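Okay, structure first, notes after.
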Amino acid sequence: DDDDLCTVDECDVSGGCTYTTIECEGGDDCTITYCDPYIGCVYQSGCVDKCTDDCNDYSECTVDRCDPSEGCQYTVVDCNDYSECTSEYCDDTTGCVYTDIECDDNSECTS
């Protein structure tokens, strides 16, 4: 016994003692997995590999998030207010912008 919880200890009469390193498996891309010789496999929360940063694209036109298997995801913000009297667009700095549309058809019969 090598007192290392990260190895499987075996004794072979012809070859002597062997210490095979174990692989700590499991979790997902948002779990840090490693082996500590004193406590064994350790699983810590933390986005790794697929999400190497905070996924902030600094645009007010997206909703930013980390997906463990896909990495950073950016969902486009829908600025449509469903009003016939405005036009809308998204500005990366300020977000949704709405502009009134002139709805006068120059007819005295409508107002």
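Residue numbering restarts at 1 for every chain of the structure tokens, chains are lettered A, B, ... in their displayed order, and ligands are numbered from 1 as they appear.
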Any idea what's packed within 10 Å of A:Thr94, counting only C-alpha atoms, ignoring anything in its chain fewer than 3 positions away? Could you give it as number ranges by chain? A: 59-61, 90-91, 97
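With only C-alpha atoms as the atoms that count, the minimum distance from A:Thr86 to the choices A:Cys109, A:Cys55, A:Leu5, A:Ile101 is reached by A:Ile101.
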Can you list, as an mmCIF file with N, CA, C and O atoms, in the first residue's frame, all residues belonging to chain A that DSSP tags as strand (DSSP E)?
```cif
data_model
loop_
_atom_site.group_PDB
_atom_site.id
_atom_site.type_symbol
_atom_site.label_atom_id
_atom_site.label_comp_id
_atom_site.auth_asym_id
_atom_site.auth_seq_id
_atom_site.Cartn_x
_atom_site.Cartn_y
_atom_site.Cartn_z
ATOM 1 N N THR A 7 -4.206 5.791 -6.574
ATOM 2 C CA THR A 7 -3.629 4.623 -7.241
ATOM 3 C C THR A 7 -4.338 3.358 -6.780
ATOM 4 O O THR A 7 -4.867 3.288 -5.672
ATOM 5 N N VAL A 8 -4.343 2.366 -7.665
ATOM 6 C CA VAL A 8 -4.803 1.027 -7.326
ATOM 7 C C VAL A 8 -3.533 0.210 -7.092
ATOM 8 O O VAL A 8 -2.678 0.117 -7.973
ATOM 9 N N ASP A 9 -3.413 -0.332 -5.885
ATOM 10 C CA ASP A 9 -2.207 -1.066 -5.503
ATOM 11 C C ASP A 9 -2.409 -2.558 -5.744
ATOM 12 O O ASP A 9 -3.416 -3.130 -5.337
ATOM 13 N N GLU A 10 -1.471 -3.156 -6.444
ATOM 14 C CA GLU A 10 -1.521 -4.589 -6.702
ATOM 15 C C GLU A 10 -0.140 -5.192 -6.468
ATOM 16 O O GLU A 10 0.872 -4.514 -6.648
ATOM 17 N N CYS A 11 -0.165 -6.443 -6.071
ATOM 18 C CA CYS A 11 1.101 -7.135 -5.865
ATOM 19 C C CYS A 11 1.111 -8.383 -6.735
ATOM 20 O O CYS A 11 0.183 -9.186 -6.730
ATOM 21 N N ASP A 12 2.152 -8.503 -7.523
ATOM 22 C CA ASP A 12 2.328 -9.652 -8.400
ATOM 23 C C ASP A 12 3.603 -10.362 -7.939
ATOM 24 O O ASP A 12 4.653 -9.734 -7.805
ATOM 25 N N GLY A 16 6.302 -7.912 -8.539
ATOM 26 C CA GLY A 16 6.332 -7.041 -7.372
ATOM 27 C C GLY A 16 5.107 -6.134 -7.324
ATOM 28 O O GLY A 16 4.100 -6.378 -7.969
ATOM 29 N N CYS A 17 5.209 -5.100 -6.564
ATOM 30 C CA CYS A 17 4.083 -4.169 -6.380
ATOM 31 C C CYS A 17 3.956 -3.222 -7.563
ATOM 32 O O CYS A 17 4.952 -2.744 -8.110
ATOM 33 N N THR A 18 2.694 -2.958 -7.960
ATOM 34 C CA THR A 18 2.418 -1.976 -9.009
ATOM 35 C C THR A 18 1.392 -0.996 -8.474
ATOM 36 O O THR A 18 0.526 -1.351 -7.660
ATOM 37 N N TYR A 19 1.484 0.232 -8.924
ATOM 38 C CA TYR A 19 0.571 1.295 -8.498
ATOM 39 C C TYR A 19 0.022 1.962 -9.754
ATOM 40 O O TYR A 19 0.703 2.738 -10.410
ATOM 41 N N THR A 20 -1.224 1.625 -10.085
ATOM 42 C CA THR A 20 -1.861 2.148 -11.286
ATOM 43 C C THR A 20 -2.692 3.374 -10.927
ATOM 44 O O THR A 20 -3.550 3.310 -10.048
ATOM 45 N N THR A 21 -2.422 4.478 -11.614
ATOM 46 C CA THR A 21 -3.155 5.728 -11.369
ATOM 47 C C THR A 21 -4.605 5.571 -11.799
ATOM 48 O O THR A 21 -4.889 5.063 -12.883
ATOM 49 N N THR A 31 -17.567 21.016 -14.405
ATOM 50 C CA THR A 31 -17.064 20.401 -13.181
ATOM 51 C C THR A 31 -15.568 20.159 -13.336
ATOM 52 O O THR A 31 -15.121 19.574 -14.315
ATOM 53 N N ILE A 32 -14.798 20.651 -12.370
ATOM 54 C CA ILE A 32 -13.356 20.408 -12.357
ATOM 55 C C ILE A 32 -13.137 19.106 -11.604
ATOM 56 O O ILE A 32 -13.556 18.973 -10.455
ATOM 57 N N THR A 33 -12.527 18.127 -12.246
ATOM 58 C CA THR A 33 -12.316 16.808 -11.659
ATOM 59 C C THR A 33 -10.826 16.527 -11.570
ATOM 60 O O THR A 33 -10.104 16.689 -12.547
ATOM 61 N N TYR A 34 -10.373 16.109 -10.384
ATOM 62 C CA TYR A 34 -8.975 15.720 -10.207
ATOM 63 C C TYR A 34 -8.879 14.766 -9.025
ATOM 64 O O TYR A 34 -9.837 14.563 -8.287
ATOM 65 N N CYS A 35 -7.713 14.173 -8.854
ATOM 66 C CA CYS A 35 -7.513 13.232 -7.762
ATOM 67 C C CYS A 35 -6.521 13.816 -6.761
ATOM 68 O O CYS A 35 -5.446 14.272 -7.136
ATOM 69 N N ASP A 36 -6.927 13.803 -5.493
ATOM 70 C CA ASP A 36 -6.069 14.234 -4.385
ATOM 71 C C ASP A 36 -5.569 12.969 -3.698
ATOM 72 O O ASP A 36 -6.369 12.116 -3.306
ATOM 73 N N GLY A 40 -8.805 11.258 -2.474
ATOM 74 C CA GLY A 40 -9.337 10.582 -3.657
ATOM 75 C C GLY A 40 -9.878 11.570 -4.675
ATOM 76 O O GLY A 40 -9.440 12.718 -4.742
ATOM 77 N N CYS A 41 -10.872 11.128 -5.442
ATOM 78 C CA CYS A 41 -11.436 11.965 -6.502
ATOM 79 C C CYS A 41 -12.141 13.181 -5.914
ATOM 80 O O CYS A 41 -12.885 13.073 -4.941
ATOM 81 N N VAL A 42 -11.908 14.325 -6.550
ATOM 82 C CA VAL A 42 -12.503 15.595 -6.123
ATOM 83 C C VAL A 42 -13.258 16.167 -7.310
ATOM 84 O O VAL A 42 -12.754 16.192 -8.435
ATOM 85 N N TYR A 43 -14.473 16.631 -7.046
ATOM 86 C CA TYR A 43 -15.311 17.239 -8.084
ATOM 87 C C TYR A 43 -15.683 18.638 -7.613
ATOM 88 O O TYR A 43 -16.382 18.793 -6.628
ATOM 89 N N GLN A 44 -15.192 19.653 -8.321
ATOM 90 C CA GLN A 44 -15.480 21.033 -7.944
ATOM 91 C C GLN A 44 -16.286 21.703 -9.040
ATOM 92 O O GLN A 44 -16.014 21.513 -10.223
ATOM 93 N N SER A 45 -17.241 22.503 -8.615
ATOM 94 C CA SER A 45 -18.032 23.262 -9.568
ATOM 95 C C SER A 45 -17.163 24.365 -10.163
ATOM 96 O O SER A 45 -16.406 25.017 -9.472
ATOM 97 N N THR A 62 -27.811 40.625 -26.541
ATOM 98 C CA THR A 62 -27.797 39.181 -26.322
ATOM 99 C C THR A 62 -27.939 38.863 -24.844
ATOM 100 O O THR A 62 -27.552 39.650 -23.984
ATOM 101 N N VAL A 63 -28.497 37.678 -24.573
ATOM 102 C CA VAL A 63 -28.518 37.117 -23.228
ATOM 103 C C VAL A 63 -27.414 36.068 -23.226
ATOM 104 O O VAL A 63 -27.417 35.151 -24.032
ATOM 105 N N ASP A 64 -26.452 36.214 -22.320
ATOM 106 C CA ASP A 64 -25.262 35.370 -22.298
ATOM 107 C C ASP A 64 -25.383 34.307 -21.214
ATOM 108 O O ASP A 64 -25.825 34.599 -20.108
ATOM 109 N N ARG A 65 -24.960 33.066 -21.535
ATOM 110 C CA ARG A 65 -24.968 31.998 -20.538
ATOM 111 C C ARG A 65 -23.969 30.926 -20.946
ATOM 112 O O ARG A 65 -23.534 30.872 -22.080
ATOM 113 N N CYS A 66 -23.633 30.078 -19.982
ATOM 114 C CA CYS A 66 -22.735 28.963 -20.245
ATOM 115 C C CYS A 66 -23.530 27.667 -20.259
ATOM 116 O O CYS A 66 -24.260 27.375 -19.319
ATOM 117 N N ASP A 67 -23.402 26.924 -21.325
ATOM 118 C CA ASP A 67 -23.994 25.595 -21.414
ATOM 119 C C ASP A 67 -22.854 24.601 -21.215
ATOM 120 O O ASP A 67 -21.857 24.659 -21.927
ATOM 121 N N GLY A 71 -20.728 25.174 -24.327
ATOM 122 C CA GLY A 71 -19.918 26.366 -24.071
ATOM 123 C C GLY A 71 -20.788 27.608 -24.000
ATOM 124 O O GLY A 71 -21.972 27.546 -23.681
ATOM 125 N N CYS A 72 -20.191 28.750 -24.301
ATOM 126 C CA CYS A 72 -20.905 30.020 -24.222
ATOM 127 C C CYS A 72 -22.033 30.063 -25.251
ATOM 128 O O CYS A 72 -21.844 29.691 -26.407
ATOM 129 N N GLN A 73 -23.183 30.525 -24.799
ATOM 130 C CA GLN A 73 -24.363 30.662 -25.662
ATOM 131 C C GLN A 73 -24.824 32.108 -25.606
ATOM 132 O O GLN A 73 -24.875 32.705 -24.530
ATOM 133 N N TYR A 74 -25.186 32.670 -26.754
ATOM 134 C CA TYR A 74 -25.638 34.056 -26.840
ATOM 135 C C TYR A 74 -26.987 34.070 -27.540
ATOM 136 O O TYR A 74 -27.067 33.822 -28.741
ATOM 137 N N THR A 75 -28.048 34.335 -26.802
ATOM 138 C CA THR A 75 -29.390 34.385 -27.367
ATOM 139 C C THR A 75 -29.723 35.832 -27.710
ATOM 140 O O THR A 75 -29.604 36.725 -26.858
ATOM 141 N N VAL A 76 -30.132 36.071 -28.945
ATOM 142 C CA VAL A 76 -30.442 37.414 -29.404
ATOM 143 C C VAL A 76 -31.709 37.917 -28.710
ATOM 144 O O VAL A 76 -32.708 37.205 -28.609
ATOM 145 N N THR A 86 -44.291 51.871 -34.233
ATOM 146 C CA THR A 86 -42.875 52.041 -33.891
ATOM 147 C C THR A 86 -42.010 51.156 -34.780
ATOM 148 O O THR A 86 -42.455 50.113 -35.264
ATOM 149 N N SER A 87 -40.795 51.612 -34.986
ATOM 150 C CA SER A 87 -39.773 50.740 -35.573
ATOM 151 C C SER A 87 -38.788 50.467 -34.443
ATOM 152 O O SER A 87 -38.607 51.292 -33.551
ATOM 153 N N GLU A 88 -38.193 49.303 -34.474
ATOM 154 C CA GLU A 88 -37.311 48.932 -33.377
ATOM 155 C C GLU A 88 -36.058 48.253 -33.910
ATOM 156 O O GLU A 88 -36.054 47.645 -34.966
ATOM 157 N N TYR A 89 -34.999 48.431 -33.148
ATOM 158 C CA TYR A 89 -33.742 47.749 -33.427
ATOM 159 C C TYR A 89 -32.977 47.645 -32.110
ATOM 160 O O TYR A 89 -33.367 48.235 -31.102
ATOM 161 N N CYS A 90 -31.892 46.889 -32.133
ATOM 162 C CA CYS A 90 -31.100 46.732 -30.923
ATOM 163 C C CYS A 90 -29.737 47.375 -31.122
ATOM 164 O O CYS A 90 -29.062 47.137 -32.124
ATOM 165 N N ASP A 91 -29.355 48.202 -30.173
ATOM 166 C CA ASP A 91 -28.048 48.848 -30.140
ATOM 167 C C ASP A 91 -27.180 48.089 -29.142
ATOM 168 O O ASP A 91 -27.605 47.874 -28.009
ATOM 169 N N GLY A 95 -29.107 48.712 -25.891
ATOM 170 C CA GLY A 95 -30.181 47.719 -25.931
ATOM 171 C C GLY A 95 -31.252 48.112 -26.934
ATOM 172 O O GLY A 95 -30.983 48.786 -27.931
ATOM 173 N N CYS A 96 -32.487 47.728 -26.657
ATOM 174 C CA CYS A 96 -33.594 47.969 -27.585
ATOM 175 C C CYS A 96 -33.883 49.460 -27.727
ATOM 176 O O CYS A 96 -33.923 50.193 -26.731
ATOM 177 N N VAL A 97 -34.076 49.885 -28.987
ATOM 178 C CA VAL A 97 -34.400 51.275 -29.300
ATOM 179 C C VAL A 97 -35.697 51.269 -30.103
ATOM 180 O O VAL A 97 -35.838 50.511 -31.061
ATOM 181 N N TYR A 98 -36.638 52.126 -29.683
ATOM 182 C CA TYR A 98 -37.942 52.217 -30.343
ATOM 183 C C TYR A 98 -38.116 53.631 -30.878
ATOM 184 O O TYR A 98 -37.945 54.609 -30.153
ATOM 185 N N THR A 99 -38.503 53.739 -32.155
ATOM 186 C CA THR A 99 -38.706 55.033 -32.800
ATOM 187 C C THR A 99 -40.133 55.101 -33.307
ATOM 188 O O THR A 99 -40.602 54.169 -33.988
ATOM 189 N N ASP A 100 -40.828 56.204 -32.966
ATOM 190 C CA ASP A 100 -42.208 56.375 -33.430
ATOM 191 C C ASP A 100 -42.232 56.533 -34.943
ATOM 192 O O ASP A 100 -41.366 57.173 -35.541
#
```
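As for atom CA of A:Asp54 and atom CA of A:Asn80, they are spaced 27.7 Å apart.
Taking atom CA of A:Cys103 and atom CA of A:Cys85 as endpoints, the distance between them is 6.8 Å.
If you look at atom CA of A:Tyr58 and atom CA of A:Asp78, they are 16.7 Å away from each other.
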Top pick for closest residue to A:Asp3, considering A:Ile22, A:Pro37, A:Gly15, A:Ser107 and counting only C-alpha atoms: A:Pro37
